[in-house]
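Some notes on the structure that comes next.
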Amino acid sequence: MDANKLYENLKKVQEPKGYYFNRNMDTVMELLEALLVNKERYGYMACPCRLANGDRDSDRDIICPCVYRKPDVAEYGSCYCNLYVSKEWNEEKIEHEYVPERRPPEKMAF
Amino acid sequence: MQNKSVKLYSLSTCSHCSSTKKLLSECVVNYKIVDVDLLEGDERKAILEDIKKLNPRCSFPTILVGNQVIVGFKEKQIREALGL
């Protein structure tokens, strides 16, 4: 699997759910490459913007798409990484705020 | 050019971290980068303890400019801290 193929696969599944890729393709490809690095490293696509523990169970909430994507896109129009965004975010109808980390610190198993 | 000590705690995979690295490489002469995801065992544990003291959420990037801690790629704040 390369990043282009991953892009195509995810786009088909995620767009109908209302989650769009950031229109900045450099950012998107960088993040998709990073997801593939994590897949190789951990065996699953852990969020590239968070420190994975390497244990699937403790990292479950940050396997992309993470469980925080829904509330983050609802509140900020973007996920924590700026990978998945809303249509309005891409169209700059809403301000591009820096998305704060929503994952509770106690979830970090280290 | 500033002369405060600059330290970046980052992840090798994180886009906000790479944006921060780019900014530092353009503006700062001396800075130290620690890619925490590439560390293992006790070394990782020790660095994480350091980061938690600066940023209890232990999120990335965590940037230390002199004594000032900036969490996230907040370009304006980073530039201000650097005196740019």
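Ordered as shown in the structure tokens, chains take letters A, B, and onward, while each chain numbers its residues from 1 and ligands are numbered from 1 in the order shown.
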
Using only C-alpha atoms, which residues of chain B come within 8 Å of chain A, and what is the closest atom pair for each, with the distance in Å to one decimal? Give it as JSON lines, sorted by chain and residue number.
{"residue": "B:Leu11", "atom": "CA", "partner": "A:Cys49", "partner_atom": "CA", "distance": 7.0}
{"residue": "B:Thr13", "atom": "CA", "partner": "A:Pro48", "partner_atom": "CA", "distance": 5.0}
{"residue": "B:Cys14", "atom": "CA", "partner": "A:Cys49", "partner_atom": "CA", "distance": 4.3}
{"residue": "B:Ser15", "atom": "CA", "partner": "A:Leu31", "partner_atom": "CA", "distance": 6.6}
{"residue": "B:His16", "atom": "CA", "partner": "A:Cys81", "partner_atom": "CA", "distance": 7.4}
{"residue": "B:Val36", "atom": "CA", "partner": "A:Leu51", "partner_atom": "CA", "distance": 7.8}
{"residue": "B:Asp37", "atom": "CA", "partner": "A:Leu51", "partner_atom": "CA", "distance": 6.3}
{"residue": "B:Lys45", "atom": "CA", "partner": "A:Phe110", "partner_atom": "CA", "distance": 7.5}
{"residue": "B:Pro56", "atom": "CA", "partner": "A:Pro105", "partner_atom": "CA", "distance": 7.4}
{"residue": "B:Arg57", "atom": "CA", "partner": "A:Pro105", "partner_atom": "CA", "distance": 5.2}
{"residue": "B:Cys58", "atom": "CA", "partner": "A:Pro105", "partner_atom": "CA", "distance": 7.4}
{"residue": "B:Ser59", "atom": "CA", "partner": "A:Arg50", "partner_atom": "CA", "distance": 6.8}
{"residue": "B:Phe60", "atom": "CA", "partner": "A:Arg50", "partner_atom": "CA", "distance": 6.8}
{"residue": "B:Gly72", "atom": "CA", "partner": "A:Tyr98", "partner_atom": "CA", "distance": 7.9}
{"residue": "B:Lys74", "atom": "CA", "partner": "A:Tyr98", "partner_atom": "CA", "distance": 7.5}

Excluding A:Ala46 and residues on its chain fewer than 6 positions from it, collect all residues at most 6 Å away from it, counting only C-alpha atoms, and give them as a list in words.
Asn38, Ile62, Ile63 and Cys64 of chain A

Contact residues around A:Lys87 with only C-alpha atoms at 9 Å, ignoring same-chain residues under 2 positions, as a compact mmCIF listing (two decimals) with all heavy atoms, in the first residue's frame:
# COMPACT_ATOMS: atom_id res chain seq x y z
N GLY A 18 -18.88 12.67 5.67
CA GLY A 18 -18.73 14.10 5.96
C GLY A 18 -17.33 14.47 6.42
O GLY A 18 -17.11 15.58 6.90
N TYR A 19 -16.39 13.55 6.28
CA TYR A 19 -15.00 13.85 6.65
C TYR A 19 -14.17 13.94 5.38
O TYR A 19 -14.02 12.96 4.66
CB TYR A 19 -14.44 12.77 7.59
CG TYR A 19 -15.20 12.72 8.89
CD1 TYR A 19 -16.04 11.65 9.19
CD2 TYR A 19 -15.08 13.76 9.82
CE1 TYR A 19 -16.76 11.62 10.38
CE2 TYR A 19 -15.79 13.73 11.01
CZ TYR A 19 -16.62 12.66 11.29
OH TYR A 19 -17.32 12.64 12.46
N TYR A 20 -13.67 15.13 5.13
CA TYR A 20 -12.92 15.39 3.91
C TYR A 20 -11.44 15.51 4.23
O TYR A 20 -11.07 15.93 5.33
CB TYR A 20 -13.41 16.71 3.27
CG TYR A 20 -14.85 16.62 2.86
CD1 TYR A 20 -15.87 16.85 3.78
CD2 TYR A 20 -15.19 16.26 1.56
CE1 TYR A 20 -17.20 16.73 3.43
CE2 TYR A 20 -16.53 16.14 1.20
CZ TYR A 20 -17.53 16.37 2.13
OH TYR A 20 -18.83 16.24 1.77
N GLY A 77 -13.89 21.99 13.13
CA GLY A 77 -13.88 21.78 11.68
C GLY A 77 -12.70 20.96 11.20
O GLY A 77 -12.50 20.79 10.00
N VAL A 85 -11.07 17.09 7.70
CA VAL A 85 -11.69 18.38 7.99
C VAL A 85 -13.12 18.38 7.46
O VAL A 85 -13.52 17.47 6.73
CB VAL A 85 -10.89 19.54 7.34
CG1 VAL A 85 -9.44 19.56 7.83
CG2 VAL A 85 -10.93 19.48 5.82
N TRP A 89 -14.45 23.95 6.62
CA TRP A 89 -13.05 24.25 6.95
C TRP A 89 -12.26 24.42 5.67
O TRP A 89 -11.51 25.37 5.49
CB TRP A 89 -12.48 23.12 7.81
CG TRP A 89 -11.17 23.42 8.49
CD1 TRP A 89 -11.00 23.89 9.76
CD2 TRP A 89 -9.83 23.22 7.95
NE1 TRP A 89 -9.64 24.01 10.05
CE2 TRP A 89 -8.92 23.61 8.95
CE3 TRP A 89 -9.34 22.77 6.73
CZ2 TRP A 89 -7.52 23.56 8.77
CZ3 TRP A 89 -7.97 22.72 6.54
CH2 TRP A 89 -7.08 23.11 7.56
N ASN A 90 -12.44 23.46 4.75
CA ASN A 90 -11.72 23.53 3.47
C ASN A 90 -12.10 24.77 2.68
O ASN A 90 -11.27 25.34 1.99
CB ASN A 90 -12.02 22.27 2.62
CG ASN A 90 -10.92 21.24 2.72
OD1 ASN A 90 -9.81 21.53 3.16
ND2 ASN A 90 -11.23 20.02 2.31
N GLU A 91 -13.36 25.17 2.80
CA GLU A 91 -13.82 26.34 2.05
C GLU A 91 -13.54 27.64 2.79
O GLU A 91 -13.97 28.71 2.37
CB GLU A 91 -15.32 26.21 1.75
CG GLU A 91 -15.61 25.11 0.73
CD GLU A 91 -17.09 24.75 0.62
OE1 GLU A 91 -17.92 25.31 1.38
OE2 GLU A 91 -17.41 23.88 -0.23
N GLU A 92 -12.85 27.51 3.92
CA GLU A 92 -12.48 28.66 4.77
C GLU A 92 -13.69 29.48 5.21
O GLU A 92 -13.62 30.70 5.37
CB GLU A 92 -11.42 29.54 4.07
CG GLU A 92 -10.14 28.75 3.90
CD GLU A 92 -8.94 29.58 3.48
OE1 GLU A 92 -8.91 30.77 3.81
OE2 GLU A 92 -8.05 29.01 2.84
N LYS A 93 -14.80 28.75 5.41
CA LYS A 93 -16.00 29.43 5.93
C LYS A 93 -15.92 29.49 7.45
O LYS A 93 -16.70 30.19 8.08
CB LYS A 93 -17.26 28.68 5.49
CG LYS A 93 -17.57 28.91 4.02
CD LYS A 93 -18.84 28.19 3.60
CE LYS A 93 -19.10 28.38 2.12
NZ LYS A 93 -20.00 27.35 1.59

The residue from A:Lys107, A:Lys17, A:Arg23, A:His96 with the smallest atom-to-atom distance to A:Pro65, counting only C-alpha atoms, is A:Lys17

Give the helix (DSSP H, G or I) residues of stretch 4-83 of chain B, as assigned by DSSP on the backbone, as a ChimeraX atom specification.
/B:15-27,36-38,41-54,75-82

Could those selected residues go to a file with N, CA and C atoms, as a compact mmCIF listing (two decimals), in the first residue's frame?
# COMPACT_ATOMS: atom_id res chain seq x y z
N SER B 15 2.82 16.21 11.63
CA SER B 15 2.90 17.33 10.68
C SER B 15 3.10 18.66 11.40
N HIS B 16 2.49 18.83 12.57
CA HIS B 16 2.69 20.08 13.31
C HIS B 16 4.15 20.18 13.76
N CYS B 17 4.73 19.01 14.06
CA CYS B 17 6.15 18.99 14.46
C CYS B 17 7.04 19.35 13.28
N SER B 18 6.71 18.84 12.10
CA SER B 18 7.58 19.16 10.96
C SER B 18 7.44 20.63 10.57
N SER B 19 6.25 21.21 10.74
CA SER B 19 6.11 22.65 10.49
C SER B 19 6.98 23.43 11.47
N THR B 20 7.02 22.97 12.72
CA THR B 20 7.83 23.66 13.73
C THR B 20 9.32 23.52 13.40
N LYS B 21 9.72 22.33 12.98
CA LYS B 21 11.13 22.12 12.60
C LYS B 21 11.52 23.06 11.46
N LYS B 22 10.61 23.20 10.51
CA LYS B 22 10.89 24.06 9.36
C LYS B 22 11.08 25.52 9.81
N LEU B 23 10.17 25.95 10.68
CA LEU B 23 10.26 27.33 11.19
C LEU B 23 11.59 27.54 11.92
N LEU B 24 11.94 26.61 12.78
CA LEU B 24 13.19 26.75 13.55
C LEU B 24 14.39 26.73 12.61
N SER B 25 14.34 25.88 11.60
CA SER B 25 15.50 25.78 10.70
C SER B 25 15.68 27.08 9.92
N GLU B 26 14.58 27.80 9.72
CA GLU B 26 14.66 29.06 8.98
C GLU B 26 15.09 30.23 9.86
N CYS B 27 14.76 30.15 11.17
CA CYS B 27 14.90 31.34 12.02
C CYS B 27 15.92 31.22 13.14
N VAL B 36 10.70 12.05 20.07
CA VAL B 36 10.47 11.13 21.19
C VAL B 36 10.03 9.73 20.72
N ASP B 37 9.33 9.68 19.58
CA ASP B 37 8.87 8.37 19.09
C ASP B 37 10.04 7.49 18.65
N LEU B 38 11.19 8.09 18.43
CA LEU B 38 12.34 7.30 18.00
C LEU B 38 13.19 6.83 19.18
N GLY B 41 12.76 2.70 25.61
CA GLY B 41 13.08 2.29 26.99
C GLY B 41 13.28 3.45 27.95
N ASP B 42 14.34 3.37 28.73
CA ASP B 42 14.59 4.34 29.80
C ASP B 42 14.82 5.74 29.25
N GLU B 43 15.43 5.81 28.09
CA GLU B 43 15.69 7.12 27.50
C GLU B 43 14.37 7.84 27.21
N ARG B 44 13.42 7.08 26.64
CA ARG B 44 12.10 7.64 26.35
C ARG B 44 11.40 8.05 27.64
N LYS B 45 11.44 7.17 28.63
CA LYS B 45 10.78 7.45 29.92
C LYS B 45 11.32 8.73 30.54
N ALA B 46 12.62 8.88 30.51
CA ALA B 46 13.25 10.05 31.13
C ALA B 46 12.83 11.34 30.41
N ILE B 47 12.81 11.30 29.09
CA ILE B 47 12.43 12.48 28.31
C ILE B 47 10.96 12.81 28.57
N LEU B 48 10.10 11.76 28.64
CA LEU B 48 8.68 12.00 28.88
C LEU B 48 8.45 12.66 30.24
N GLU B 49 9.24 12.28 31.22
CA GLU B 49 9.13 12.93 32.54
C GLU B 49 9.48 14.41 32.41
N ASP B 50 10.52 14.71 31.64
CA ASP B 50 10.90 16.12 31.40
C ASP B 50 9.76 16.88 30.73
N ILE B 51 9.15 16.25 29.72
CA ILE B 51 8.09 16.93 28.97
C ILE B 51 6.87 17.16 29.87
N LYS B 52 6.52 16.14 30.67
CA LYS B 52 5.34 16.28 31.55
C LYS B 52 5.47 17.47 32.49
N LYS B 53 6.69 17.78 32.90
CA LYS B 53 6.90 18.94 33.78
C LYS B 53 6.60 20.24 33.04
N LEU B 54 6.83 20.23 31.74
CA LEU B 54 6.60 21.44 30.93
C LEU B 54 5.17 21.50 30.42
N GLU B 75 2.59 29.46 15.43
CA GLU B 75 3.68 30.20 14.80
C GLU B 75 3.88 31.59 15.40
N LYS B 76 2.77 32.29 15.65
CA LYS B 76 2.86 33.65 16.17
C LYS B 76 3.54 33.66 17.55
N GLN B 77 3.06 32.73 18.40
CA GLN B 77 3.64 32.64 19.75
C GLN B 77 5.11 32.26 19.71
N ILE B 78 5.45 31.36 18.81
CA ILE B 78 6.84 30.90 18.72
C ILE B 78 7.72 32.07 18.25
N ARG B 79 7.26 32.77 17.24
CA ARG B 79 8.01 33.92 16.73
C ARG B 79 8.19 34.98 17.82
N GLU B 80 7.12 35.23 18.57
CA GLU B 80 7.20 36.22 19.64
C GLU B 80 8.22 35.80 20.69
N ALA B 81 8.16 34.52 21.07
CA ALA B 81 9.08 34.01 22.09
C ALA B 81 10.53 34.12 21.60
N LEU B 82 10.70 33.95 20.30
CA LEU B 82 12.05 34.03 19.72
C LEU B 82 12.49 35.48 19.50

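Remark: for A:Lys70, the closest of the candidate residues A:Phe21, A:Ser86, A:Arg56, A:Asn4 is A:Ser86 (distances computed over only C-alpha atoms).
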